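Text of work-v5.cif (mmCIF, C-alpha atoms) as supplied:
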```
data_start
loop_
_atom_site.label_atom_id
_atom_site.label_comp_id
_atom_site.auth_asym_id
_atom_site.auth_seq_id
_atom_site.Cartn_x
_atom_site.Cartn_y
_atom_site.Cartn_z
CA MET U 1 0.00 0.00 0.00
CA GLY U 2 2.97 2.38 0.43
CA GLU U 3 4.24 4.45 3.31
CA VAL U 4 2.56 7.30 5.13
CA ARG U 5 3.54 10.66 3.67
CA GLU U 6 3.38 13.76 5.80
CA VAL U 7 4.60 17.33 6.10
CA LYS U 8 4.42 19.60 9.12
CA PHE U 9 4.85 23.34 9.41
CA ARG U 10 3.94 26.17 11.77
CA LEU U 11 2.26 29.46 11.01
CA SER U 12 2.42 32.84 12.69
CA ARG U 13 -0.84 34.34 13.89
CA ARG U 14 -1.34 36.79 11.04
CA ARG U 15 -3.82 37.17 8.19
CA SER U 16 -1.27 36.27 5.52
CA SER U 17 -0.82 32.82 7.04
CA VAL U 18 -4.12 31.57 5.60
CA PRO U 19 -3.18 32.00 1.91
CA ARG U 20 0.30 30.79 2.77
CA ALA U 21 -1.11 27.55 4.21
CA ARG U 22 -3.22 27.06 1.10
CA ALA U 23 -0.25 27.70 -1.21
CA LEU U 24 1.91 25.22 0.68
CA ALA U 25 -0.87 22.63 0.58
CA HIS U 26 -1.22 23.17 -3.18
CA SER U 27 2.51 22.56 -3.66
CA VAL U 28 2.68 19.53 -1.38
CA LEU U 29 -0.42 17.79 -2.75
CA GLY U 30 0.66 18.46 -6.31
CA ASP U 31 4.04 16.90 -5.71
CA TRP U 32 2.40 13.85 -4.12
CA GLY U 33 0.21 13.43 -7.17
CA ILE U 34 -3.04 14.02 -5.28
CA GLY U 35 -5.56 14.76 -7.98
CA GLN U 36 -9.27 15.40 -7.55
CA ALA U 37 -9.13 15.74 -3.75
CA ALA U 38 -6.43 18.44 -3.80
CA HIS U 39 -8.69 21.45 -4.39
CA THR U 40 -11.15 20.31 -1.74
CA ALA U 41 -8.28 19.76 0.70
CA GLU U 42 -7.00 23.29 0.13
CA LEU U 43 -10.46 24.74 0.91
CA VAL U 44 -10.83 22.64 4.05
CA LEU U 45 -7.35 23.53 5.28
CA SER U 46 -8.03 27.23 4.69
CA GLU U 47 -11.11 27.09 6.88
CA LEU U 48 -9.36 25.16 9.65
CA VAL U 49 -6.44 27.60 9.69
CA THR U 50 -8.81 30.59 9.62
CA ASN U 51 -10.64 29.25 12.68
CA ALA U 52 -7.36 28.62 14.51
CA MET U 53 -6.23 32.19 13.83
CA ARG U 54 -9.39 33.50 15.52
CA VAL U 55 -8.80 31.66 18.79
CA ARG U 56 -8.05 34.02 21.66
CA VAL U 57 -4.47 33.22 22.64
CA PRO U 58 -1.27 35.30 22.86
CA ARG U 59 -0.03 36.44 19.44
CA ASP U 60 3.28 34.64 19.85
CA ARG U 61 1.53 31.24 19.94
CA LEU U 62 1.98 29.53 16.59
CA VAL U 63 -0.56 27.42 14.68
CA GLY U 64 0.64 23.93 13.74
CA VAL U 65 -0.34 22.23 10.48
CA ARG U 66 0.08 18.59 9.49
CA ILE U 67 -0.84 17.15 6.09
CA ALA U 68 -0.66 13.38 5.82
CA TRP U 69 -1.63 10.73 3.29
CA LEU U 70 -2.61 7.45 4.97
CA PRO U 71 -2.29 4.71 2.33
CA GLU U 72 -3.78 1.92 4.44
CA ASP U 73 -7.06 3.83 4.73
CA GLY U 74 -6.78 5.74 1.44
CA LEU U 75 -7.27 9.01 3.30
CA LEU U 76 -5.81 12.48 3.22
CA ARG U 77 -5.71 13.86 6.76
CA LEU U 78 -5.45 17.55 7.58
CA GLU U 79 -4.66 18.66 11.12
CA VAL U 80 -4.52 22.20 12.53
CA SER U 81 -3.39 22.72 16.14
CA ASP U 82 -3.74 25.80 18.32
CA ALA U 83 -3.18 26.65 21.97
CA GLY U 84 -6.77 27.67 22.64
CA GLU U 85 -9.35 26.04 24.83
CA GLY U 86 -12.94 25.24 23.98
CA LYS U 87 -14.71 22.96 21.55
CA PRO U 88 -15.15 23.77 17.86
CA GLU U 89 -18.83 23.73 16.99
CA VAL U 90 -20.74 24.06 13.73
CA ARG U 91 -22.78 27.25 13.75
CA ALA U 92 -25.88 28.24 11.82
CA PRO U 93 -25.29 31.97 11.17
CA GLY U 94 -28.06 34.22 9.98
CA GLU U 95 -28.27 35.53 6.44
CA ASP U 96 -26.91 38.94 7.49
CA GLU U 97 -23.85 37.48 9.26
CA THR U 98 -20.60 37.56 7.29
CA GLY U 99 -18.77 34.87 9.27
CA GLY U 100 -19.32 31.67 11.17
CA ARG U 101 -19.63 29.34 8.18
CA GLY U 102 -16.15 27.79 8.26
CA LEU U 103 -17.04 24.53 9.97
CA LEU U 104 -20.21 24.25 7.92
CA LEU U 105 -18.00 24.12 4.85
CA VAL U 106 -15.63 21.63 6.49
CA GLU U 107 -18.55 19.40 7.45
CA ALA U 108 -19.90 19.53 3.91
CA LEU U 109 -16.61 18.81 2.14
CA ALA U 110 -14.79 16.38 4.45
CA ASP U 111 -15.67 12.71 4.81
CA ARG U 112 -15.36 13.19 8.53
CA TRP U 113 -13.85 15.68 10.95
CA GLY U 114 -13.36 16.16 14.67
CA PHE U 115 -11.00 17.44 17.32
CA GLU U 116 -8.82 16.12 20.12
CA GLN U 117 -6.79 17.54 22.97
CA ARG U 118 -3.12 17.97 22.20
CA ALA U 119 -0.75 15.46 23.76
CA CYS U 120 1.10 18.24 25.57
CA GLY U 121 -2.12 19.18 27.35
CA ILE U 122 -2.26 22.71 25.92
CA GLY U 123 -4.84 23.48 23.26
CA LYS U 124 -6.40 21.21 20.69
CA THR U 125 -6.03 19.74 17.22
CA VAL U 126 -8.92 19.99 14.74
CA TRP U 127 -8.70 17.42 11.95
CA ALA U 128 -10.50 16.52 8.76
CA GLU U 129 -10.18 13.52 6.46
CA LEU U 130 -10.91 13.18 2.74
CA GLN U 131 -10.92 10.17 0.46
CA ALA U 132 -7.69 9.96 -1.57
CA PRO U 133 -7.20 6.27 -2.36
CA ASP U 134 -4.31 6.58 -4.81
CA LEU U 135 -1.40 8.85 -5.49
CA GLY U 136 -0.38 9.81 -8.99
CA THR U 137 3.12 9.40 -10.31
CA GLY U 138 4.31 12.47 -8.42
CA ARG U 139 7.01 14.83 -9.65
CA ASP U 140 10.76 14.75 -9.64
CA GLY U 141 12.56 16.69 -6.96
CA ILE U 142 13.14 16.50 -3.23
CA GLU U 143 11.41 18.22 -0.35
CA VAL U 144 13.53 20.53 1.80
CA ALA U 145 12.94 23.29 4.33
CA ALA U 146 12.80 26.73 2.74
CA VAL U 147 15.96 27.79 4.55
CA ALA U 148 17.89 25.10 2.63
CA VAL U 149 16.95 26.41 -0.85
CA ARG U 150 19.88 27.84 -2.84
CA GLU U 151 20.28 30.18 -5.80
CA GLY U 152 20.09 28.39 -9.13
CA GLN U 153 17.80 25.61 -7.93
CA CYS U 154 14.30 25.17 -9.32
CA VAL U 155 11.41 25.31 -6.87
CA ARG U 156 7.85 24.06 -7.39
CA VAL U 157 5.47 27.00 -6.90
CA TRP U 158 1.71 26.89 -7.65
CA GLY U 159 1.97 24.11 -10.20
CA ALA U 160 5.13 25.16 -12.06
CA TRP U 161 8.92 24.99 -11.73
CA ARG U 162 10.59 28.38 -11.16
CA THR U 163 14.30 29.11 -11.00
CA VAL U 164 15.53 30.81 -7.82
CA ARG U 165 17.50 33.95 -8.69
CA ARG U 166 18.18 35.21 -5.18
CA VAL U 167 17.76 33.97 -1.62
CA ASP U 168 17.48 36.31 1.35
CA THR U 169 16.09 36.29 4.87
CA GLU U 170 14.08 38.86 6.81
CA ARG U 171 13.66 39.04 10.56
CA SER U 172 10.38 40.24 12.02
CA ALA U 173 10.25 43.67 13.63
CA SER U 174 9.98 42.06 17.05
CA GLY U 175 13.25 40.22 16.46
CA GLY U 176 11.55 36.81 16.57
CA SER U 177 10.88 34.52 13.62
CA CYS U 178 12.68 34.78 10.27
CA THR U 179 11.19 34.68 6.78
CA VAL U 180 12.93 33.28 3.71
CA VAL U 181 12.57 35.46 0.62
CA LEU U 182 13.03 33.73 -2.74
CA GLU U 183 13.28 35.91 -5.84
CA LEU U 184 12.06 33.80 -8.78
CA ASP U 185 12.80 34.01 -12.49
CA ASP U 186 9.47 35.68 -13.27
CA GLY U 187 10.21 38.51 -10.85
CA PHE U 188 7.86 37.19 -8.17
CA GLU U 189 9.09 37.08 -4.57
CA LEU U 190 7.98 34.12 -2.47
CA ARG U 191 8.02 34.69 1.30
CA VAL U 192 7.74 31.66 3.57
CA GLY U 193 8.87 30.59 7.02
CA THR U 194 12.30 29.03 7.36
CA ASP U 195 10.87 25.57 8.04
CA ALA U 196 8.19 25.65 5.31
CA PRO U 197 8.42 22.57 3.03
CA LEU U 198 9.36 23.28 -0.59
CA THR U 199 10.07 20.87 -3.46
CA VAL U 200 13.29 21.65 -5.36
CA ARG U 201 15.42 20.14 -8.12
CA GLN U 202 18.59 21.13 -9.88
CA PRO U 203 18.31 23.05 -13.20
CA GLY U 204 18.11 20.75 -16.21
CA ALA U 205 16.57 17.82 -14.31
CA SER U 206 13.92 15.99 -16.27
CA SER U 207 10.29 16.88 -15.75
CA PRO U 208 7.25 14.69 -16.50
CA ARG U 209 5.60 17.47 -18.53
CA LYS U 210 7.01 20.05 -20.85
CA GLY U 211 7.78 23.27 -19.06
CA GLY U 212 7.16 21.65 -15.68
CA GLU U 213 3.46 22.46 -15.80
CA ASP U 214 0.94 20.03 -14.42
CA ALA U 215 -2.45 19.28 -15.89
CA SER U 216 -4.29 21.48 -13.41
CA GLY U 217 -2.10 24.56 -14.10
#
```

Let's see the structure in the file written out as structure tokens.
Amino acid sequence: MGEVREVKFRLSRRRSSVPRARALAHSVLGDWGIGQAAHTAELVLSELVTNAMRVRVPRDRLVGVRIAWLPEDGLLRLEVSDAGEGKPEVRAPGEDETGGRGLLLVEALADRWGFEQRACGIGKTVWAELQAPDLGTGRDGIEVAAVAVREGQCVRVWGAWRTVRRVDTERSASGGSCTVVLELDDGFELRVGTDAPLTVRQPGASSPRKGGEDASG
């Protein structure tokens, strides 16, 4: 059946962390060859991370994310951990309310979901599972932490291979966490945490599709 595949990363408590989590999920699931379930998984993860960001805890408490493919059960499991107390509950907001529909979406899209207390005794982990019985052929390259990426390598970003032109780091104004800044060949700058998982390969390595593009774009 194959081995369990998983990636873990942590997110700062800021608004930009939600699209960052979705972008990382897109990259990871694409490189695993997850097909039809990938888009649904990105939506579910976005909602789980959004809810975790709204929990009332000190701003320096990070949000943990785990994405795992469980071959024995044919499931894709998404986990989001926070340091907050309480029990996540599905709400039924009124028509004039702009929020409160996150878990409704999770309940509708996931095969099942739930929560559990964290092993350390602080906070909780909210999880969701989706059917993903088979992986595709995957893509060439290896997964490394963002801090290990070097100039001249190719990095998989939003469904395409991009060459890294420059690598830099930025420290937050508070002097805490660092951010890796990757300047790509199309002029775009990718900013991710130092431990964020990225798939890289050396220039000139073979790619399963011309131009490194996948079928979903």

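We find CA of Pro58 in chain U and CA of Glu107 in chain U to be spaced 28.1 Å apart.
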
May I have the protein, DNA and RNA residues with an atom at most 12 Å from (7.0, 31.7, -2.7), counting only C-alpha atoms in the file's coordinates, returned as number ranges by chain?
-> U: 19-24, 26-27, 146, 149, 154-164, 166-167, 179-194, 196-199

Go ahead and save the picked residues with C-alpha atoms, as an mmCIF file, keeping the file's coordinate frame.
```cif
data_model
loop_
_atom_site.group_PDB
_atom_site.id
_atom_site.type_symbol
_atom_site.label_atom_id
_atom_site.label_comp_id
_atom_site.auth_asym_id
_atom_site.auth_seq_id
_atom_site.Cartn_x
_atom_site.Cartn_y
_atom_site.Cartn_z
ATOM 1 C CA PRO U 19 -3.180 32.000 1.910
ATOM 2 C CA ARG U 20 0.300 30.790 2.770
ATOM 3 C CA ALA U 21 -1.110 27.550 4.210
ATOM 4 C CA ARG U 22 -3.220 27.060 1.100
ATOM 5 C CA ALA U 23 -0.250 27.700 -1.210
ATOM 6 C CA LEU U 24 1.910 25.220 0.680
ATOM 7 C CA HIS U 26 -1.220 23.170 -3.180
ATOM 8 C CA SER U 27 2.510 22.560 -3.660
ATOM 9 C CA ALA U 146 12.800 26.730 2.740
ATOM 10 C CA VAL U 149 16.950 26.410 -0.850
ATOM 11 C CA CYS U 154 14.300 25.170 -9.320
ATOM 12 C CA VAL U 155 11.410 25.310 -6.870
ATOM 13 C CA ARG U 156 7.850 24.060 -7.390
ATOM 14 C CA VAL U 157 5.470 27.000 -6.900
ATOM 15 C CA TRP U 158 1.710 26.890 -7.650
ATOM 16 C CA GLY U 159 1.970 24.110 -10.200
ATOM 17 C CA ALA U 160 5.130 25.160 -12.060
ATOM 18 C CA TRP U 161 8.920 24.990 -11.730
ATOM 19 C CA ARG U 162 10.590 28.380 -11.160
ATOM 20 C CA THR U 163 14.300 29.110 -11.000
ATOM 21 C CA VAL U 164 15.530 30.810 -7.820
ATOM 22 C CA ARG U 166 18.180 35.210 -5.180
ATOM 23 C CA VAL U 167 17.760 33.970 -1.620
ATOM 24 C CA THR U 179 11.190 34.680 6.780
ATOM 25 C CA VAL U 180 12.930 33.280 3.710
ATOM 26 C CA VAL U 181 12.570 35.460 0.620
ATOM 27 C CA LEU U 182 13.030 33.730 -2.740
ATOM 28 C CA GLU U 183 13.280 35.910 -5.840
ATOM 29 C CA LEU U 184 12.060 33.800 -8.780
ATOM 30 C CA ASP U 185 12.800 34.010 -12.490
ATOM 31 C CA ASP U 186 9.470 35.680 -13.270
ATOM 32 C CA GLY U 187 10.210 38.510 -10.850
ATOM 33 C CA PHE U 188 7.860 37.190 -8.170
ATOM 34 C CA GLU U 189 9.090 37.080 -4.570
ATOM 35 C CA LEU U 190 7.980 34.120 -2.470
ATOM 36 C CA ARG U 191 8.020 34.690 1.300
ATOM 37 C CA VAL U 192 7.740 31.660 3.570
ATOM 38 C CA GLY U 193 8.870 30.590 7.020
ATOM 39 C CA THR U 194 12.300 29.030 7.360
ATOM 40 C CA ALA U 196 8.190 25.650 5.310
ATOM 41 C CA PRO U 197 8.420 22.570 3.030
ATOM 42 C CA LEU U 198 9.360 23.280 -0.590
ATOM 43 C CA THR U 199 10.070 20.870 -3.460
#
```

Give as a PDB file with C-alpha atoms, in the coordinates of the input the set of residues within 12 Å of the point (-18.6, 22.7, 6.9), where distances use the file's coordinates and only C-alpha atoms.
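The resulting result13.pdb:
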```pdb
ATOM      1  CA  THR U  40     -11.150  20.310  -1.740  1.00  0.00           C
ATOM      2  CA  LEU U  43     -10.460  24.740   0.910  1.00  0.00           C
ATOM      3  CA  VAL U  44     -10.830  22.640   4.050  1.00  0.00           C
ATOM      4  CA  LEU U  45      -7.350  23.530   5.280  1.00  0.00           C
ATOM      5  CA  SER U  46      -8.030  27.230   4.690  1.00  0.00           C
ATOM      6  CA  GLU U  47     -11.110  27.090   6.880  1.00  0.00           C
ATOM      7  CA  LEU U  48      -9.360  25.160   9.650  1.00  0.00           C
ATOM      8  CA  ASN U  51     -10.640  29.250  12.680  1.00  0.00           C
ATOM      9  CA  PRO U  88     -15.150  23.770  17.860  1.00  0.00           C
ATOM     10  CA  GLU U  89     -18.830  23.730  16.990  1.00  0.00           C
ATOM     11  CA  VAL U  90     -20.740  24.060  13.730  1.00  0.00           C
ATOM     12  CA  ARG U  91     -22.780  27.250  13.750  1.00  0.00           C
ATOM     13  CA  ALA U  92     -25.880  28.240  11.820  1.00  0.00           C
ATOM     14  CA  GLY U 100     -19.320  31.670  11.170  1.00  0.00           C
ATOM     15  CA  ARG U 101     -19.630  29.340   8.180  1.00  0.00           C
ATOM     16  CA  GLY U 102     -16.150  27.790   8.260  1.00  0.00           C
ATOM     17  CA  LEU U 103     -17.040  24.530   9.970  1.00  0.00           C
ATOM     18  CA  LEU U 104     -20.210  24.250   7.920  1.00  0.00           C
ATOM     19  CA  LEU U 105     -18.000  24.120   4.850  1.00  0.00           C
ATOM     20  CA  VAL U 106     -15.630  21.630   6.490  1.00  0.00           C
ATOM     21  CA  GLU U 107     -18.550  19.400   7.450  1.00  0.00           C
ATOM     22  CA  ALA U 108     -19.900  19.530   3.910  1.00  0.00           C
ATOM     23  CA  LEU U 109     -16.610  18.810   2.140  1.00  0.00           C
ATOM     24  CA  ALA U 110     -14.790  16.380   4.450  1.00  0.00           C
ATOM     25  CA  ASP U 111     -15.670  12.710   4.810  1.00  0.00           C
ATOM     26  CA  ARG U 112     -15.360  13.190   8.530  1.00  0.00           C
ATOM     27  CA  TRP U 113     -13.850  15.680  10.950  1.00  0.00           C
ATOM     28  CA  GLY U 114     -13.360  16.160  14.670  1.00  0.00           C
ATOM     29  CA  ALA U 128     -10.500  16.520   8.760  1.00  0.00           C
TER      30      ALA U 128
END
```

- [ ] Identify all residues satisfying the PyMOL selection byres ((chain U and resi 60) around 8) in the given file; provide them as JSON, numbers by chain.
- [x] {"U": [12, 13, 58, 59, 61, 62]}

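When CA of Leu11 in chain U is paired with CA of Arg165 in chain U, their separation reads 25.3 Å.
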
Which residues would end up in the selection if the PyMOL selection byres ((chain U and resi 201) around 6) were applied here, given that I need the answer as JSON, numbers by chain? {"U": [141, 153, 154, 200, 202]}

What separates CA of Ala25 in chain U and CA of Arg56 in chain U is a distance of 25.0 Å

Applying the PyMOL selection byres ((chain U and resi 134) around 9) to the file I just gave you, which residues come out? Please list them as JSON, numbers by chain.
{"U": [33, 34, 35, 71, 74, 75, 132, 133, 135, 136]}

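Closest approach to Val49 in chain U from the set U:Lys87, U:Arg77, U:Arg118, U:Arg14 is made by U:Arg14, with distances taken over all atoms listed in the file.
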
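Comparing U:Asp195, U:Gly30, U:Ala38, U:Gln117 by their smallest distance to Ala145 in chain U, the closest is U:Asp195 (using all atoms listed in the file).
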